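Written out below as structure tokens is the structure these notes cover.
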Amino acid sequence: MIGRFRSGDEIFYGEIENGRVYPKGGASAGIFNLSELRVLPPAAPSKIVCVGLNYRDHAEELNMKVPETPVLFLKPPSAIIGHEDKIIYPASSSRVEHEAELAVVIGKRCKNISASKAVDVIAGYTCFNDVTARDLQQKDGQWTRAKSFDTFAAFGPYLAFPNELDITDTKIACRVNGETRQASSTSNLLFDIPYLIEFITEIMTLEVGDIIATGTPPGVGELQRGDIVEVEIQGIGTLRNEVV
């Protein structure tokens, strides 16, 4: 497990073990206690590629057709926030919802990668909350505005290495104020991660740090100002954000 941290003016990556952080370079000091550091998003992507309707039950709960091929959309880097940062409820929306997802972070610049070679370009996995203004999504008929507000791409807190997760059956959950809203597993993905990497890299070059958000399971629901929303993924940890 690795994280991206700030100590004073320094930003660095470090491996996490028993509440201690061991810098991987870029930090002038030695070993840190995790409590001493600010946890930052574990990557700085040039783009966030999101997969819509990648769980059958989620498509059905939105009364949308189950796709025959992956449905893709992009979120801008300006939407990024990290663990314990605030999700800002936009004035132009009256219904903002959570979407818990497993995210893939790319570790090598890549294009036209076959599914059989996908693991070679993965740096790791993290928690992702694809915050969505559902009323605007339904009004617009396309998803850019609803998905792109500042603070609508929360991810973290840490990055699990590929050998630390069984991505064929990783548990994923979302809680709001302690109440479980979503609970599923990546075993229920319509399009698995190797196939997504093959499909996406046939379309576009992925850069180091880019993110693929793999889709949300059923149970998406409304957020209110003051709510605490948590995305927990087995083997990674819990991403926590307050809505303001």
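In the structure tokens, the first chain shown is A, the next is B, and so on; residue numbers restart at 1 for each chain, and ligands run from 1 in the order shown.
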### Task
Would you kindly return, as a PyMOL selection string, each protein, DNA or RNA residue with an atom no farther than 7 Å from any atom of stretch 43-56 of chain A, considering only C-alpha atoms and excluding same-chain residues fewer than 2 positions away?
chain A and resi 41+58-60+66+70-77+188-191+209-217
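Near A:Asp166, within 10 Å and counting only C-alpha atoms, sit Pro162, Thr170, Lys171, Thr186, Ser187, Gln234 and Gly235 of chain A, not including residues fewer than 4 positions from it in the same chain.
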Residue subset to file, keeping C-alpha atoms, as a short mmCIF file (atom, residue, chain, number, x, y, z; two decimals), in the first residue's frame:
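Result written to again_30.cif:
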```
data_model
loop_
_atom_site.label_atom_id
_atom_site.label_comp_id
_atom_site.auth_asym_id
_atom_site.auth_seq_id
_atom_site.Cartn_x
_atom_site.Cartn_y
_atom_site.Cartn_z
CA PRO A 162 -1.95 -5.00 -8.12
CA THR A 170 -13.20 -7.18 -4.39
CA LYS A 171 -15.89 -5.97 -1.98
CA THR A 186 -16.27 -6.36 -8.63
CA SER A 187 -17.36 -9.91 -9.50
CA GLN A 234 -11.65 -4.30 0.68
CA GLY A 235 -7.86 -4.18 0.79
#
```
### Task
Can you list, as JSON, numbers by chain, all residues belonging to stretch 142-218 of chain A that DSSP tags as helix (DSSP H, G or I)?
{"A": [144, 145, 146, 147, 162, 163, 164, 186, 187, 188, 193, 194, 195, 196, 197, 198, 199, 200, 201, 202, 203]}
### Message
Based on the backbone DSSP call, show me all residues of stretch 24-181 of chain A assigned strand (DSSP E), as a count of residues only.
### Response
57
### Task
For A:Ala133, please output as JSON, numbers by chain all residues within 12 Å (counting only C-alpha atoms; exclusion window: fewer than 5 positions along the same chain).
{"A": [87, 88, 89, 90, 91, 92, 93, 94, 95, 96, 97, 98, 99, 138, 139, 140, 142, 143, 144, 145, 146, 147, 148, 149, 150, 151, 152, 220, 221, 222, 223, 224]}
With N, CA and C atoms retained, could you export that selection as a CSV table (one decimal), in the first residue's frame?
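Written output follows (selection_38.csv):
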```csv
chain,number,residue,atom,x,y,z
A,87,ILE,N,-16.9,17.9,-0.4
A,87,ILE,CA,-17.7,17.9,-1.6
A,87,ILE,C,-18.6,19.1,-1.5
A,88,ILE,N,-18.5,20.0,-2.5
A,88,ILE,CA,-19.4,21.2,-2.6
A,88,ILE,C,-20.6,20.9,-3.4
A,89,TYR,N,-21.7,21.1,-2.7
A,89,TYR,CA,-23.1,21.0,-3.3
A,89,TYR,C,-23.3,22.2,-4.2
A,90,PRO,N,-23.4,22.0,-5.6
A,90,PRO,CA,-23.6,23.2,-6.4
A,90,PRO,C,-25.0,23.8,-6.3
A,91,ALA,N,-25.0,25.1,-6.5
A,91,ALA,CA,-26.3,25.8,-6.4
A,91,ALA,C,-27.3,25.4,-7.5
A,92,SER,N,-26.7,25.0,-8.6
A,92,SER,CA,-27.6,24.7,-9.8
A,92,SER,C,-28.2,23.3,-9.8
A,93,SER,N,-27.9,22.6,-8.7
A,93,SER,CA,-28.5,21.2,-8.6
A,93,SER,C,-29.4,21.1,-7.4
A,94,SER,N,-30.4,20.3,-7.5
A,94,SER,CA,-31.3,20.0,-6.3
A,94,SER,C,-31.2,18.5,-6.0
A,95,ARG,N,-30.4,17.7,-6.7
A,95,ARG,CA,-30.2,16.3,-6.3
A,95,ARG,C,-28.8,15.8,-6.7
A,96,VAL,N,-28.0,15.8,-5.6
A,96,VAL,CA,-26.6,15.3,-5.8
A,96,VAL,C,-26.5,13.9,-5.2
A,97,GLU,N,-25.9,12.9,-5.9
A,97,GLU,CA,-25.8,11.5,-5.4
A,97,GLU,C,-24.4,11.0,-5.4
A,98,HIS,N,-24.2,10.0,-4.5
A,98,HIS,CA,-22.9,9.3,-4.4
A,98,HIS,C,-22.9,8.1,-5.4
A,99,GLU,N,-21.7,7.8,-5.9
A,99,GLU,CA,-21.5,6.6,-6.7
A,99,GLU,C,-20.1,6.0,-6.3
A,138,GLN,N,-30.2,14.0,-15.9
A,138,GLN,CA,-31.5,13.6,-16.5
A,138,GLN,C,-32.0,14.7,-17.4
A,139,LYS,N,-31.8,16.0,-17.0
A,139,LYS,CA,-32.2,17.1,-17.8
A,139,LYS,C,-31.4,17.3,-19.1
A,140,ASP,N,-30.1,17.1,-19.0
A,140,ASP,CA,-29.2,17.4,-20.2
A,140,ASP,C,-29.3,16.3,-21.2
A,142,GLN,N,-27.0,14.2,-21.6
A,142,GLN,CA,-25.6,13.7,-21.7
A,142,GLN,C,-25.0,14.2,-20.3
A,143,TRP,N,-23.8,13.7,-20.0
A,143,TRP,CA,-23.4,13.6,-18.6
A,143,TRP,C,-22.4,14.6,-18.2
A,144,THR,N,-21.9,15.4,-19.1
A,144,THR,CA,-20.7,16.3,-18.8
A,144,THR,C,-20.9,17.2,-17.6
A,145,ARG,N,-22.0,18.0,-17.7
A,145,ARG,CA,-22.2,19.0,-16.7
A,145,ARG,C,-22.5,18.3,-15.3
A,146,ALA,N,-23.3,17.3,-15.3
A,146,ALA,CA,-23.7,16.6,-14.1
A,146,ALA,C,-22.5,15.9,-13.4
A,147,LYS,N,-21.4,15.6,-14.1
A,147,LYS,CA,-20.3,14.8,-13.5
A,147,LYS,C,-19.1,15.7,-13.3
A,148,SER,N,-19.1,16.9,-13.7
A,148,SER,CA,-17.8,17.7,-13.8
A,148,SER,C,-17.7,18.8,-12.8
A,149,PHE,N,-18.6,19.1,-11.9
A,149,PHE,CA,-18.4,20.1,-11.0
A,149,PHE,C,-17.2,19.9,-10.2
A,150,ASP,N,-16.5,21.1,-9.8
A,150,ASP,CA,-15.4,21.0,-8.9
A,150,ASP,C,-15.8,20.2,-7.6
A,151,THR,N,-14.9,19.3,-7.2
A,151,THR,CA,-15.1,18.4,-6.0
A,151,THR,C,-15.9,17.1,-6.3
A,152,PHE,N,-16.3,16.9,-7.6
A,152,PHE,CA,-17.1,15.7,-7.9
A,152,PHE,C,-16.3,14.5,-8.3
A,220,VAL,N,-27.2,3.7,-5.5
A,220,VAL,CA,-26.8,5.1,-5.5
A,220,VAL,C,-28.0,5.9,-4.9
A,221,GLY,N,-27.6,7.0,-4.2
A,221,GLY,CA,-28.6,7.7,-3.4
A,221,GLY,C,-28.2,9.1,-3.2
A,222,GLU,N,-29.2,9.9,-2.7
A,222,GLU,CA,-29.1,11.3,-2.5
A,222,GLU,C,-28.1,11.7,-1.4
A,223,LEU,N,-27.4,12.8,-1.6
A,223,LEU,CA,-26.6,13.4,-0.5
A,223,LEU,C,-27.2,14.7,-0.2
A,224,GLN,N,-27.0,15.1,1.1
A,224,GLN,CA,-27.5,16.4,1.6
A,224,GLN,C,-26.3,17.1,2.2
```
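For the atom pair formed by atom CA of A:Arg6 and atom CA of A:Arg225, the distance is 27.6 Å, given to one decimal.
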### Query
Which neighbours of stretch 8-20 of chain A fall inside 12 Å, counting only C-alpha atoms, when residues of the same chain fewer than 3 positions from it are skipped, and could you give them as an MDAnalysis selection string?
chainID A and resid 1:5 23:44 157:161 236:237
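Between atom CA of A:Arg109 and atom CA of A:Ile203 lies a distance of 13.7 Å.
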### Message
If we count only C-alpha atoms and set the cut-off at 12 Å, which residues sit around A:Ala115, ignoring sequence neighbours fewer than 4 positions away in its own chain? Please answer as an NGL selection string.
### Response
:A and (111 or 119-122 or 191-202)
### Task
Grab the atom CA of A:Ile228 to atom CA of A:Arg240 distance for me, in Å with one decimal place.
7.0 Å
### Message
Neighbouring residues of A:Ala173 were defined as those with any atom within 10 Å, considering only C-alpha atoms; residues of the same chain fewer than 2 positions away were excluded. Please report them as a PyMOL selection string.
### Response
chain A and resi 99-102+127+171+175+180-185+216-217+219+230-234+238
